[in-house]
Amino acid sequence: MSEEKMEREIDRRIELCQQFPHGITDQVIQNDMPHLEPQQRAAAINKLLSLGQLDLLRNSSGLLYRMKDAQSASKMKGSDNQEKLVYQIIEDAGNKGIWSRDIRFKSNLPLTEINKILKNLESKKLIKAVKSVAASKKKVYMLYNLQPDRSVTGGAWYSDQDFESEFVEVLNQQCFKFLQTKADMSRDSKQSPMVQRNSSFATSHEVWKYICELGISKVDLSMDDIETILNTLIYDGKVEMTVIAAKEGTVGSVDGQMKLYRGVNPVIQPTGLVKTPCGLCPVFDDCHEGGEISPSNCIYMTEWLDF
Amino acid sequence: MTAQEVRLCGLLLREHFGEVVEKVGTHLLRSGAQNLRTIIHETGLPLDLVKKSLCVLVQHGACNFRSGRKGPGCPTEYQASGDRILRILRYPRYIYTAKTLYGDTGELIIEELLQRGHMTMSSTVKTVADRLTQNMEEGRSMDYSEVTSAFSKLVETQFLQRCPPMGGARNTKDTTPGTPASTALLTPESFPDCYKVPHITLIGRGKRRHSSDDGEDQKSAKKAKMDPETHGDEGIYWQVNFERFHLHFRDQAVISAVANKLDQTCSEIVRTMLRMSEVTTSPSATCTKPLSANEIFRSLPASYNILRPILDQYLTLLVDDPMEFVGKAGESGGGMFVVNLHRALANLARATLESAVQERFGSRSARIFRLLLRKRHLEQKQVEDFAMIPAKEAKDMLYTLLSQNLVQLQEIPKTPDYAPSRTFYLYTVNQLPTARMLLQNCYKTVANLIERRLFETKESKRLLEKSQRIEAILASLQVSGAEPEQLTEVEEMITAPEKQQLESLRLHINKLDSAENQVDETMFLLEAYVSSTATSTA
């Protein structure tokens with residue numbers, strides 16, 4: 001008798017839950033079925049929870065019961081509670097993923113259990129492991145269909161956790177060549193100096209378009225990426241940058257400003273000190289007259305003099 | 001004076017004046033001001049040698065004397081100035097500059113004055129005229145008036161100056177009776193007649209010296225020194241004004257930097273501006289006096305006929321350039337412009353440092369160095385990100401630069417106990433201390449080059465002596481009219497490999513010499529930068 005009643009309660013509860021997709025509190029159930037005792041209510045709720053059709057949540061005013069998606073309910077059908085817990089923690093970590101040690105802290109499960117569960121979930125294709133670029137031995141776990149965040153993979157310059165230095169070098173040289181040819185062209189045009197200088201400038205947008213059209217990059221590069229490359233050229237002393245105010249809406253302007261880049265020549269020739277062997281000597285500090293290493297028996301000097 | 005500077009000064013003194021002077025000079029440099037008795041006691045040299053060395057040093061302006069610090073009646077103290085001795089390294093550059101500006105006459109005047117230290121105008125003119133006449137063809141000789149006019153031109157542009165009169169004796173031109181002349185070291189500029197050319201009566205032409213008159217001429221030269229013909233300028237001695245030459249070098253460095261960075265026309269404009277403010281700007285000024293665009297337009301050389309609006313455009317370009325060589329100081333007269341000297345020097349010094357790092361450690365380390373110069377303080381992770389260098393290599397390069405003291409580490413603790421895991425470690429570059437360090441390296445480098453040169457000469461001493469003897473024999477044979485066979489016989493006394501050795505020795509010595517001059521250029525830039533920061537912060 002009570003079994004049937006239970007069945008009816010459960011159905012009733014499911015209907016209620018479906019009516020309120022955001023969840024129903026205990027209060028609502030009581031109002032709906034006032035003739036039930038709290039024990040029976042609790043038993044019905046527990047039954048639904050164990051079946052995995054109900055989600056138990058807590059909000060500011062008390063406990064909430066929410067209907068679970070039919071799909072996700074089916075997913076977890078075969079798993080037990082621990083796995084469900086671990087899955088929940090990983091889901092909460094979202095884009096950044098979560099480290100196995102952190103999972104252990106949050107769920108208070110022993111390490112061996114965690115590893116077993118993680119392997120299980122991976123084989124079911126519910127989660128995946130992504131190697132972090134910051135610490136190469138660390139693995140973070142995230143949901144299978146999520147795109148890993150930029151901070152984990154390192155962005156456009158990393159492919160499989162390796163910094164692609166040749167790629168960066170190639171881009172570096174291409175950008176520099178582009179700016180240099182532009183500067184040379186403007187210098188040969190023999191117009192008034194102001195026009196010359198202005199025509200030797202290139203906006204970051206132009207450089208970006210040029211690089212995209214060149215097609216040397218397999219990955220799509222954003223304008224910010226190109227700007228980081230151009231910054232390295234500035235630190236090489238080959239390029240200078242100015243910022244000008246641009247109208248909002250012109251191509252390539254960001255917050256009403258545009259960055260202009262221009263190839264420049266070095267200010268001085270290599271300085272006199274480095275034209276001598278002493279300027280480049282690795283043992284400069286050990287060199288004394290009368291010692292093992294001295295100007296009189298310096299092999300670098302001998303080679304340089306016979307050059 | 002640092003140890004490296006003292007070592008370099010010692011080598012320079014030994015080369016130019018001999019070992020005795022070197023001993024006295026280095027002793028004075030190391031121990032500061034001392035009186036005669038202490039010098040004799042500590043160097044162990046006899047009295048007359050010490051006196052002569054001090055005379056030599058004073059004659060060249062490397063040593064000053066003044067009465068003792070403990071009050072009048074104390075014996076005079078002598079103090080050597082290391083800076084003046086280091087200038088000896090730069091003599092070739094001074095002579096070359098004089099040659100480019102004033103021709104052969106100017107070159108010889110400067111050369112004579114550098115060799116003798118202090119000289120009167122009349123004796124300089126006579127010596128130079130004689131030397132010039134020597135090199136001219138037969139039958140022509142140099143007129144004294146030409147040399148005198150060259151001399152006056154040099155004085156007008158302040159390349160030569162009068163030596164400050166000593167001790168109140170003889171005819172001083174200034175009248176400051178209250179000043180005891182020996183309590184302070186007086187600079188030449190403190191005398192109002194510093195650049196006034198005296199009126200001398202010197203008419204004549206240079207005398208050609210024939211080889212047969214060798215003996216006679218030497219005697220007459222000695223006699224001339226003992227028995228001066230009065231020309232109206234006794235007691236007025238002249239010396240080379242090094243500061244003026246330095247200003248000239250600095251201007252040249254700025255102009256060539258502008259030419260490298262921008263283009264030829266811009267450098268001509270800057271050259272005009274600097275020329276106009278040559279005598280109106282004080283040596284330690286931060287920037288030149290403001291010049292209006294109208295004045296610049298009028299003073300441009302006639303060959304550069306550019307239109308006025310184009311000139312304005314060039315000036316705007318110069319002002320907008322990130323290197324900030326030229327600045328705008330106002331709007332009157334079509335725009336007032338100044339040349340920012342201190343900033344230009346700082347930029348040039350920074351370029352020198354960057355080039356030194358680049359040549360020594362590679363272009364990626366140079367990238368890190370420039371990055372740190374721009375961004376001041378950075379953590380290691382940020383350095384890797386900005387420079388786009390893989391983490392391992394960036395770490396390696398940073399540590400190398402740190403071990404060479406080109407980059408410094410700044411610790412910022414998060415907690416009162418400086419626990420390493422809770423501290424920020426920031427890398428930074430300080431331009432001024434790094435420049436000083438590089439300057440000391442330059443001193444050491446030049447000293448090394450000089451020592452190597454002396455070593456090479458010593459190694460081949462025997463060979464050099466032999467070749468000199470053979471040349472002397474050849475010369476005497478030629479004069480006395482010998483037959484060709486005898487000449488060839490004598491020539492064959494030097495074997496072919498020996499000739500090769502001599503040739504390579506000559507090449508080595510030339511290379512070392514020119515390297516010394518190149519390092520001296522770096523030294524000049526860095527010294528100018530360091531002294532400019534000292535005056536601006538003082």
# chains A, B, ... in the order shown; residues from 1 in each chain; ligands from 1
call {"tool": "interface_residues", "arguments": {"of": "chain A", "to": "chain B", "cutoff": "7 Å", "atoms": "only C-alpha atoms", "output": "list in words"}}
result
Phe163, Ser165, Ser192, Pro193, Met194, Thr232, Tyr235, Asp236, Val264, Asn265, Pro266, Val267, Ile268, Pro270, Thr271, Gly272, Leu273, Val274, Thr276, Cys278, Leu280, Pro295, Ser296 and Leu305 of chain A
call {"tool": "write_last_selection", "arguments": {"atoms": "N, CA, C and O atoms", "output": "compact mmCIF listing (two decimals), in the first residue's frame"}}
result
# COMPACT_ATOMS: atom_id res chain seq x y z
N PHE A 163 57.67 25.62 -27.25
CA PHE A 163 57.72 26.98 -27.78
C PHE A 163 58.33 26.93 -29.17
O PHE A 163 59.42 26.44 -29.36
N SER A 165 60.30 28.36 -31.51
CA SER A 165 61.17 29.52 -31.72
C SER A 165 61.45 29.78 -33.19
O SER A 165 61.59 30.93 -33.60
N SER A 192 58.79 65.35 -50.25
CA SER A 192 59.14 66.18 -49.11
C SER A 192 59.29 65.30 -47.88
O SER A 192 58.65 64.27 -47.77
N PRO A 193 60.14 65.72 -46.96
CA PRO A 193 60.51 64.81 -45.86
C PRO A 193 59.34 64.36 -45.01
O PRO A 193 59.33 63.22 -44.54
N MET A 194 58.36 65.21 -44.82
CA MET A 194 57.23 64.81 -43.99
C MET A 194 56.48 63.66 -44.63
O MET A 194 56.16 62.65 -43.98
N THR A 232 59.09 42.63 -30.19
CA THR A 232 60.44 42.06 -30.13
C THR A 232 61.36 42.74 -31.12
O THR A 232 62.55 42.90 -30.86
N TYR A 235 62.66 45.69 -29.45
CA TYR A 235 63.73 45.37 -28.52
C TYR A 235 65.00 44.96 -29.24
O TYR A 235 66.06 44.94 -28.64
N ASP A 236 64.90 44.63 -30.52
CA ASP A 236 66.11 44.38 -31.28
C ASP A 236 66.71 45.67 -31.80
O ASP A 236 67.77 45.64 -32.41
N VAL A 264 64.11 51.40 -38.74
CA VAL A 264 65.10 52.45 -38.53
C VAL A 264 66.50 51.89 -38.69
O VAL A 264 66.72 50.69 -38.61
N ASN A 265 67.46 52.80 -38.88
CA ASN A 265 68.85 52.41 -38.93
C ASN A 265 69.46 52.55 -37.54
O ASN A 265 69.00 53.35 -36.75
N PRO A 266 70.52 51.79 -37.27
CA PRO A 266 71.15 51.94 -35.96
C PRO A 266 71.82 53.31 -35.83
O PRO A 266 72.23 53.91 -36.81
N VAL A 267 71.90 53.78 -34.60
CA VAL A 267 72.37 55.15 -34.38
C VAL A 267 73.89 55.24 -34.52
O VAL A 267 74.41 56.21 -35.04
N ILE A 268 74.62 54.22 -34.01
CA ILE A 268 76.08 54.29 -34.15
C ILE A 268 76.57 52.99 -34.74
O ILE A 268 75.90 51.97 -34.70
N PRO A 270 79.14 49.72 -34.66
CA PRO A 270 79.63 48.96 -33.50
C PRO A 270 80.80 49.67 -32.85
O PRO A 270 81.73 50.12 -33.52
N THR A 271 80.76 49.76 -31.54
CA THR A 271 81.65 50.64 -30.84
C THR A 271 83.08 50.13 -30.85
O THR A 271 83.33 48.95 -31.01
N GLY A 272 84.04 51.05 -30.65
CA GLY A 272 85.45 50.71 -30.82
C GLY A 272 85.92 49.58 -29.92
O GLY A 272 86.78 48.78 -30.29
N LEU A 273 85.35 49.51 -28.72
CA LEU A 273 85.83 48.52 -27.77
C LEU A 273 85.67 47.11 -28.29
O LEU A 273 86.51 46.24 -28.04
N VAL A 274 84.60 46.86 -29.05
CA VAL A 274 84.36 45.48 -29.46
C VAL A 274 85.14 45.14 -30.72
O VAL A 274 85.06 44.02 -31.20
N THR A 276 88.29 45.13 -30.68
CA THR A 276 89.53 44.53 -30.18
C THR A 276 89.19 43.19 -29.54
O THR A 276 88.07 42.98 -29.09
N CYS A 278 90.03 42.18 -26.68
CA CYS A 278 89.73 42.32 -25.26
C CYS A 278 88.26 42.59 -25.02
O CYS A 278 87.71 42.20 -23.98
N LEU A 280 85.79 41.29 -26.37
CA LEU A 280 84.95 40.09 -26.48
C LEU A 280 85.53 38.93 -25.69
O LEU A 280 85.01 37.83 -25.77
N PRO A 295 98.40 39.91 -21.53
CA PRO A 295 98.39 40.42 -22.90
C PRO A 295 99.54 39.87 -23.72
O PRO A 295 99.40 39.68 -24.92
N SER A 296 100.68 39.58 -23.06
CA SER A 296 101.84 39.16 -23.83
C SER A 296 101.64 37.79 -24.45
O SER A 296 102.11 37.53 -25.55
N LEU A 305 95.92 39.35 -34.60
CA LEU A 305 96.96 40.11 -35.27
C LEU A 305 97.35 39.47 -36.59
O LEU A 305 97.72 40.16 -37.54
call {"tool": "select_by_dssp", "arguments": {"residues": "region 60-157 of chain B", "states": "strand (DSSP E or B)", "output": "list in words"}}
result
Cys63, Asn64, Phe65, Arg66, Glu77, Tyr78, Gln79, Ala80, Met119, Thr120 and Asp143 of chain B
call {"tool": "residues_around", "arguments": {"residues": "region 125-127 of chain B", "least_positions_apart": "4", "cutoff": "7 Å", "atoms": "only C-alpha atoms", "output": "list of chain:residue names"}}
result
B:Met121, B:Arg131, B:Tyr144, B:Val147, B:Thr148, B:Gly206
call {"tool": "write_last_selection", "arguments": {"atoms": "all heavy atoms", "output": "mmCIF file, in the first residue's frame"}}
result
data_model
loop_
_atom_site.group_PDB
_atom_site.id
_atom_site.type_symbol
_atom_site.label_atom_id
_atom_site.label_comp_id
_atom_site.auth_asym_id
_atom_site.auth_seq_id
_atom_site.Cartn_x
_atom_site.Cartn_y
_atom_site.Cartn_z
ATOM 1 N N MET B 121 104.216 82.081 -28.247
ATOM 2 C CA MET B 121 103.703 82.141 -29.612
ATOM 3 C C MET B 121 104.838 82.269 -30.610
ATOM 4 O O MET B 121 104.853 81.603 -31.650
ATOM 5 C CB MET B 121 102.750 83.325 -29.723
ATOM 6 C CG MET B 121 102.127 83.466 -31.063
ATOM 7 S SD MET B 121 100.771 84.586 -30.949
ATOM 8 C CE MET B 121 100.469 84.910 -32.657
ATOM 9 N N ARG B 131 109.655 73.905 -40.010
ATOM 10 C CA ARG B 131 109.267 72.552 -40.399
ATOM 11 C C ARG B 131 108.535 72.529 -41.731
ATOM 12 O O ARG B 131 108.726 71.648 -42.563
ATOM 13 C CB ARG B 131 108.365 71.951 -39.326
ATOM 14 C CG ARG B 131 109.145 71.341 -38.196
ATOM 15 C CD ARG B 131 108.252 70.721 -37.184
ATOM 16 N NE ARG B 131 107.682 69.465 -37.685
ATOM 17 C CZ ARG B 131 106.893 68.698 -36.980
ATOM 18 N NH1 ARG B 131 106.547 69.066 -35.756
ATOM 19 N NH2 ARG B 131 106.407 67.587 -37.468
ATOM 20 N N TYR B 144 106.340 83.829 -41.986
ATOM 21 C CA TYR B 144 105.897 83.790 -40.599
ATOM 22 C C TYR B 144 104.469 84.276 -40.457
ATOM 23 O O TYR B 144 103.731 83.806 -39.590
ATOM 24 C CB TYR B 144 106.803 84.653 -39.715
ATOM 25 C CG TYR B 144 108.109 83.997 -39.342
ATOM 26 C CD1 TYR B 144 109.094 84.706 -38.690
ATOM 27 C CD2 TYR B 144 108.357 82.671 -39.653
ATOM 28 C CE1 TYR B 144 110.296 84.119 -38.341
ATOM 29 C CE2 TYR B 144 109.549 82.076 -39.318
ATOM 30 C CZ TYR B 144 110.526 82.802 -38.658
ATOM 31 O OH TYR B 144 111.709 82.218 -38.329
ATOM 32 N N VAL B 147 101.802 81.621 -40.705
ATOM 33 C CA VAL B 147 101.699 80.790 -39.514
ATOM 34 C C VAL B 147 101.041 81.573 -38.384
ATOM 35 O O VAL B 147 100.217 81.045 -37.625
ATOM 36 C CB VAL B 147 103.098 80.294 -39.087
ATOM 37 C CG1 VAL B 147 102.976 79.350 -37.920
ATOM 38 C CG2 VAL B 147 103.782 79.614 -40.250
ATOM 39 N N THR B 148 101.412 82.858 -38.288
ATOM 40 C CA THR B 148 100.812 83.668 -37.224
ATOM 41 C C THR B 148 99.311 83.770 -37.393
ATOM 42 O O THR B 148 98.549 83.691 -36.413
ATOM 43 C CB THR B 148 101.415 85.087 -37.231
ATOM 44 O OG1 THR B 148 102.793 85.005 -37.483
ATOM 45 C CG2 THR B 148 101.154 85.791 -35.930
ATOM 46 N N GLY B 206 110.628 81.141 -42.883
ATOM 47 C CA GLY B 206 111.190 79.929 -42.300
ATOM 48 C C GLY B 206 112.536 79.612 -42.904
ATOM 49 O O GLY B 206 112.809 79.886 -44.066
#
call {"tool": "atom_distance", "arguments": {"atom1": "CA of Leu154 (chain B)", "atom2": "CA of Met273 (chain B)"}}
result
20.8 Å
call {"tool": "closest_residue", "arguments": {"among": "B:Arg308, B:Lys395, B:Arg93, B:Lys381", "to": "Phe245 (chain B)", "atoms": "only C-alpha atoms"}}
result
B:Arg93
call {"tool": "select_by_dssp", "arguments": {"residues": "region 50-134 of chain B", "states": "alpha helix (DSSP H)", "output": "PyMOL selection string"}}
result
chain B and resi 50-59+82-86+91-116+121-134
call {"tool": "residues_around", "arguments": {"residues": "region 104-120 of chain A", "least_positions_apart": "4", "cutoff": "8 Å", "atoms": "only C-alpha atoms", "output": "VMD selection string"}}
result
chain A and resid 82 to 83 85 to 86 89 100 124
